[in-house]
>>> print(open('final21.cif').read())   # mmCIF, C-alpha atoms
data_my_file
loop_
_atom_site.group_PDB
_atom_site.id
_atom_site.type_symbol
_atom_site.label_atom_id
_atom_site.label_comp_id
_atom_site.auth_asym_id
_atom_site.auth_seq_id
_atom_site.Cartn_x
_atom_site.Cartn_y
_atom_site.Cartn_z
ATOM 1 C CA MET A 760 0.000 0.000 0.000
ATOM 2 C CA ASP A 761 1.239 3.481 -0.875
ATOM 3 C CA LEU A 762 0.405 6.134 1.718
ATOM 4 C CA ILE A 763 0.648 9.777 0.572
ATOM 5 C CA ILE A 764 0.316 12.391 3.306
ATOM 6 C CA ASP A 765 -0.410 16.105 3.063
ATOM 7 C CA GLY A 766 2.170 17.002 5.722
ATOM 8 C CA TYR A 767 0.948 20.396 6.866
ATOM 9 C CA ASN A 768 -2.629 19.111 7.240
ATOM 10 C CA LEU A 769 -1.349 16.518 9.675
ATOM 11 C CA LEU A 770 0.896 19.007 11.492
ATOM 12 C CA ALA A 771 -2.027 21.344 12.053
ATOM 13 C CA LEU A 772 -3.837 18.645 14.054
ATOM 14 C CA ASP A 773 -1.024 17.669 16.413
ATOM 15 C CA LYS A 774 -0.552 20.361 19.034
ATOM 16 C CA ARG A 775 2.367 18.425 20.566
ATOM 17 C CA LEU A 776 4.337 19.330 17.454
ATOM 18 C CA ASP A 777 3.665 23.076 17.737
ATOM 19 C CA ARG A 778 7.245 24.179 18.395
ATOM 20 C CA GLY A 779 8.388 25.906 15.240
ATOM 21 C CA LEU A 780 8.080 24.837 11.647
ATOM 22 C CA GLU A 781 11.293 22.883 11.199
ATOM 23 C CA GLN A 782 11.069 21.134 14.566
ATOM 24 C CA SER A 783 7.405 20.335 13.961
ATOM 25 C CA ARG A 784 8.161 18.822 10.544
ATOM 26 C CA ASN A 785 11.008 16.777 12.021
ATOM 27 C CA GLY A 786 8.765 15.604 14.858
ATOM 28 C CA LEU A 787 6.102 14.527 12.385
ATOM 29 C CA ILE A 788 8.649 12.747 10.220
ATOM 30 C CA ASN A 789 9.991 10.914 13.289
ATOM 31 C CA ASN A 790 6.440 9.791 14.154
ATOM 32 C CA LEU A 791 5.936 8.630 10.578
ATOM 33 C CA VAL A 792 9.212 6.680 10.715
ATOM 34 C CA ARG A 793 7.943 4.889 13.836
ATOM 35 C CA TYR A 794 4.615 4.231 12.125
ATOM 36 C CA ARG A 795 6.305 2.872 9.011
ATOM 37 C CA GLN A 796 8.427 0.541 11.130
ATOM 38 C CA ALA A 797 5.226 -0.869 12.626
ATOM 39 C CA LYS A 798 3.266 -1.134 9.359
ATOM 40 C CA ARG A 799 5.890 -1.640 6.602
ATOM 41 C CA LEU A 800 4.298 0.304 3.789
ATOM 42 C CA ASN A 801 5.444 2.854 1.228
ATOM 43 C CA LEU A 802 5.060 6.283 2.806
ATOM 44 C CA THR A 803 5.435 9.701 1.191
ATOM 45 C CA VAL A 804 4.862 12.972 3.033
ATOM 46 C CA VAL A 805 4.453 16.172 1.021
ATOM 47 C CA PHE A 806 5.100 19.704 2.295
ATOM 48 C CA ASP A 807 4.459 23.041 0.603
ATOM 49 C CA GLY A 808 7.409 24.846 -0.898
ATOM 50 C CA TRP A 809 5.336 27.207 -3.012
ATOM 51 C CA ARG A 810 6.189 30.368 -1.055
ATOM 52 C CA SER A 811 9.778 29.785 -0.054
ATOM 53 C CA GLY A 812 10.869 26.545 -1.678
ATOM 54 C CA SER A 813 13.530 25.859 -4.233
ATOM 55 C CA ALA A 814 13.044 26.211 -7.993
ATOM 56 C CA ASN A 815 12.704 22.421 -8.291
ATOM 57 C CA GLU A 816 10.666 19.898 -6.381
ATOM 58 C CA THR A 817 12.851 18.366 -3.680
ATOM 59 C CA ARG A 818 12.708 14.690 -2.693
ATOM 60 C CA LEU A 819 14.585 13.277 0.262
ATOM 61 C CA ALA A 820 14.669 9.749 1.620
ATOM 62 C CA GLN A 821 14.665 9.553 5.394
ATOM 63 C CA ASP A 822 14.554 6.183 7.155
ATOM 64 C CA GLY A 823 12.403 4.626 4.431
ATOM 65 C CA ILE A 824 10.076 7.606 4.032
ATOM 66 C CA ILE A 825 10.067 9.849 0.987
ATOM 67 C CA VAL A 826 9.802 13.530 1.974
ATOM 68 C CA VAL A 827 8.737 15.824 -0.859
ATOM 69 C CA TYR A 828 8.805 19.626 -0.857
ATOM 70 C CA SER A 829 6.847 21.182 -3.710
ATOM 71 C CA ARG A 830 8.770 23.621 -5.856
ATOM 72 C CA LEU A 831 8.490 27.370 -5.516
ATOM 73 C CA GLY A 832 5.096 28.407 -6.887
ATOM 74 C CA ASP A 833 3.509 24.931 -6.504
ATOM 75 C CA LYS A 834 1.311 23.907 -3.617
ATOM 76 C CA ALA A 835 1.596 20.527 -1.959
ATOM 77 C CA ASP A 836 -2.018 19.855 -3.027
ATOM 78 C CA ALA A 837 -0.983 19.531 -6.676
ATOM 79 C CA VAL A 838 1.916 17.235 -5.770
ATOM 80 C CA VAL A 839 -0.302 15.005 -3.607
ATOM 81 C CA ILE A 840 -2.850 14.694 -6.418
ATOM 82 C CA ARG A 841 -0.145 13.976 -9.002
ATOM 83 C CA LEU A 842 1.486 11.286 -6.842
ATOM 84 C CA ALA A 843 -1.871 9.654 -6.139
ATOM 85 C CA ARG A 844 -2.755 9.709 -9.844
ATOM 86 C CA GLU A 845 0.521 7.902 -10.591
ATOM 87 C CA LYS A 846 -0.386 5.174 -8.073
ATOM 88 C CA ASN A 847 -4.102 4.988 -9.051
ATOM 89 C CA SER A 848 -6.120 2.642 -6.872
ATOM 90 C CA GLY A 849 -3.026 1.566 -4.938
ATOM 91 C CA ALA A 850 -2.795 4.871 -3.097
ATOM 92 C CA VAL A 851 -4.234 6.015 0.184
ATOM 93 C CA VAL A 852 -4.153 9.797 0.566
ATOM 94 C CA VAL A 853 -4.264 11.544 3.936
ATOM 95 C CA SER A 854 -5.577 15.101 3.725
ATOM 96 C CA SER A 855 -8.070 17.427 5.385
ATOM 97 C CA ASP A 856 -8.639 19.174 2.064
ATOM 98 C CA ARG A 857 -11.955 18.111 0.524
ATOM 99 C CA GLU A 858 -10.796 19.092 -2.972
ATOM 100 C CA ILE A 859 -7.789 16.768 -2.703
ATOM 101 C CA ARG A 860 -9.898 13.928 -1.331
ATOM 102 C CA ASN A 861 -12.477 14.318 -4.116
ATOM 103 C CA ALA A 862 -9.793 14.563 -6.817
ATOM 104 C CA VAL A 863 -7.917 11.423 -5.780
ATOM 105 C CA GLU A 864 -11.100 9.394 -5.349
ATOM 106 C CA ARG A 865 -11.998 10.129 -8.994
ATOM 107 C CA PHE A 866 -9.134 7.954 -10.195
ATOM 108 C CA GLY A 867 -9.485 5.173 -7.629
ATOM 109 C CA ALA A 868 -7.311 6.221 -4.697
ATOM 110 C CA VAL A 869 -8.755 6.085 -1.200
ATOM 111 C CA ALA A 870 -8.914 9.313 0.792
ATOM 112 C CA ILE A 871 -8.575 9.386 4.578
ATOM 113 C CA HIS A 872 -9.189 12.569 6.557
ATOM 114 C CA ALA A 873 -6.060 13.832 8.312
ATOM 115 C CA ARG A 874 -7.882 13.710 11.678
ATOM 116 C CA GLU A 875 -8.470 9.955 11.256
ATOM 117 C CA PHE A 876 -4.803 9.328 10.498
ATOM 118 C CA SER A 877 -3.698 11.644 13.309
ATOM 119 C CA GLU A 878 -5.629 9.431 15.730
ATOM 120 C CA ILE A 879 -3.827 6.389 14.337
ATOM 121 C CA LEU A 880 -0.456 8.100 14.873
ATOM 122 C CA GLN A 881 -1.416 8.993 18.444
ATOM 123 C CA ASP A 882 -2.008 5.279 19.026
ATOM 124 C CA LEU A 883 1.722 4.657 18.441
ATOM 125 C CA ASP A 884 2.231 5.301 22.142
ATOM 126 C CA PHE A 885 -0.590 2.911 23.074
ATOM 127 C CA ALA A 886 -0.154 0.190 20.438
ATOM 128 C CA GLY A 887 -0.467 -2.622 22.962
ATOM 129 C CA ASP A 888 -3.659 -1.263 24.542
ATOM 130 C CA ALA A 889 -6.058 -1.651 21.597
ATOM 131 C CA ASP A 890 -9.289 -3.473 22.362
ATOM 132 C CA GLY A 891 -9.854 -4.534 18.757
ATOM 133 C CA VAL A 892 -13.068 -2.551 18.367
ATOM 134 C CA ASP A 893 -13.270 -0.455 15.240
ATOM 135 C CA GLU A 894 -15.365 2.669 15.258
ATOM 136 C CA TRP A 895 -17.504 2.683 12.120
ATOM 137 C CA GLN A 896 -17.951 6.232 10.955
ATOM 138 C CA GLY A 897 -20.108 6.824 7.955
ATOM 139 C CA GLN A 898 -23.662 6.748 6.807
ATOM 140 C CA PRO A 899 -25.463 3.901 5.098
ATOM 141 C CA SER A 900 -26.060 4.273 1.400
ATOM 142 C CA GLU A 901 -29.516 4.451 -0.084
ATOM 143 C CA HIS A 902 -29.439 0.639 -0.479
ATOM 144 C CA GLY A 903 -30.506 0.062 3.103
ATOM 145 C CA ALA A 904 -29.742 0.677 6.747
ATOM 146 C CA SER A 905 -26.999 -1.948 6.969
ATOM 147 C CA ARG A 906 -25.246 -1.270 3.635
ATOM 148 C CA PHE A 907 -22.588 1.306 3.014
ATOM 149 C CA SER A 908 -21.457 2.618 -0.341
ATOM 150 C CA LYS A 909 -18.682 0.738 -2.109
ATOM 151 C CA ALA A 910 -16.370 3.742 -1.685
ATOM 152 C CA GLU A 911 -17.077 3.905 2.068
ATOM 153 C CA ARG A 912 -16.488 0.159 2.497
ATOM 154 C CA LYS A 913 -13.176 0.492 0.639
ATOM 155 C CA ARG A 914 -12.205 3.490 2.800
ATOM 156 C CA GLN A 915 -13.064 1.637 6.018
ATOM 157 C CA ASP A 916 -11.077 -1.394 4.849
ATOM 158 C CA LYS A 917 -7.999 0.790 4.248
ATOM 159 C CA LEU A 918 -8.481 2.473 7.646
ATOM 160 C CA ARG A 919 -8.518 -0.934 9.351
ATOM 161 C CA LYS A 920 -5.287 -1.848 7.568
ATOM 162 C CA LEU A 921 -3.655 1.426 8.638
ATOM 163 C CA ARG A 922 -4.513 0.978 12.313
ATOM 164 C CA LEU A 923 -1.891 -0.427 14.651
#
>>> encode(input="final21.cif", output="structure tokens")
Amino acid sequence: MDLIIDGYNLLALDKRLDRGLEQSRNGLINNLVRYRQAKRLNLTVVFDGWRSGSANETRLAQDGIIVVYSRLGDKADAVVIRLAREKNSGAVVVSSDREIRNAVERFGAVAIHAREFSEILQDLDFAGDADGVDEWQGQPSEHGASRFSKAERKRQDKLRKLRL
């Protein structure tokens, strides 16, 4: 599974990382390294470079994670969408941005809200305490009270696989 993360969306949700931009990014990357060690998946985190980035998109490998900074003038949103399009249905995209989530779902990727993934990352400290109960969040489709849309079932399946 390829996990593509809108980095600043995730940073905005974790108040423990609110200690300056560079330190916050490094703290998030360290958490993602720990997560990747537990889950063994392909993980890419994308940060904006559109205001103060370099002229070219920058890619760094750090402990098995690909860190991407969009180039000057490009927002991370466009990079996230492009990367997800390249992976098609094999990608899971983490973003709070509805436009990104809608765009990636159009070509088969699964979109997870950043808040949902943030909760998974917070569980890194409590990985042994899980009770095995999944919270089902979503509404049934028009097919009946116990049926969910195909897209929602796919999203919930990916969420279960992402959990520790």
>>> atom_distance(input="final21.cif", atom1="atom CA of A:Leu769", atom2="atom CA of A:Ser783")
10.5 Å
>>> closest_residue(input="final21.cif", among="A:Gly808, A:Leu762, A:Ile859, A:Asp773", to="A:Ala837", atoms="all atoms listed in the file")
A:Ile859
>>> residues_around(input="final21.cif", residues="A:Arg799", least_positions_apart="6", cutoff="10 Å", atoms="only C-alpha atoms", output="mmCIF file with C-alpha atoms, in the coordinates of the input")
data_model
loop_
_atom_site.group_PDB
_atom_site.id
_atom_site.type_symbol
_atom_site.label_atom_id
_atom_site.label_comp_id
_atom_site.auth_asym_id
_atom_site.auth_seq_id
_atom_site.Cartn_x
_atom_site.Cartn_y
_atom_site.Cartn_z
ATOM 1 C CA MET A 760 0.000 0.000 0.000
ATOM 2 C CA VAL A 792 9.212 6.680 10.715
ATOM 3 C CA ARG A 793 7.943 4.889 13.836
ATOM 4 C CA GLY A 823 12.403 4.626 4.431
#
>>> resolve_selection(input="final21.cif", expression="the PyMOL selection byres ((chain A and resi 870) around 6)", output="list in words")
Val851, Val852, Arg860, Val869 and Ile871 of chain A
>>> atom_distance(input="final21.cif", atom1="atom CA of A:Asp856", atom2="atom CA of A:Asp761")
18.8 Å
>>> closest_residue(input="final21.cif", among="A:Asn789, A:Arg865, A:Leu842, A:Leu802", to="A:Ile825", atoms="all atoms listed in the file")
A:Leu802
>>> resolve_selection(input="final21.cif", expression="the PyMOL selection byres ((chain A and resi 846) around 10)", output="tab-separated table (two decimals) with C-alpha atoms, keeping the file's coordinate frame")
chain	number	residue	atom	x	y	z
A	760	MET	CA	0.00	0.00	0.00
A	761	ASP	CA	1.24	3.48	-0.88
A	762	LEU	CA	0.40	6.13	1.72
A	763	ILE	CA	0.65	9.78	0.57
A	840	ILE	CA	-2.85	14.69	-6.42
A	841	ARG	CA	-0.14	13.98	-9.00
A	842	LEU	CA	1.49	11.29	-6.84
A	843	ALA	CA	-1.87	9.65	-6.14
A	844	ARG	CA	-2.76	9.71	-9.84
A	845	GLU	CA	0.52	7.90	-10.59
A	847	ASN	CA	-4.10	4.99	-9.05
A	848	SER	CA	-6.12	2.64	-6.87
A	849	GLY	CA	-3.03	1.57	-4.94
A	850	ALA	CA	-2.80	4.87	-3.10
A	851	VAL	CA	-4.23	6.02	0.18
A	866	PHE	CA	-9.13	7.95	-10.20
A	867	GLY	CA	-9.48	5.17	-7.63
A	868	ALA	CA	-7.31	6.22	-4.70
>>> atom_distance(input="final21.cif", atom1="atom CA of A:Leu921", atom2="atom CA of A:Val826")
19.3 Å
>>> resolve_selection(input="final21.cif", expression="the PyMOL selection byres ((chain A and resi 835) around 12)", output="MDAnalysis selection string")
chainID A and resid 763:768 803:810 812 816:817 826:834 836:842 854 856 859
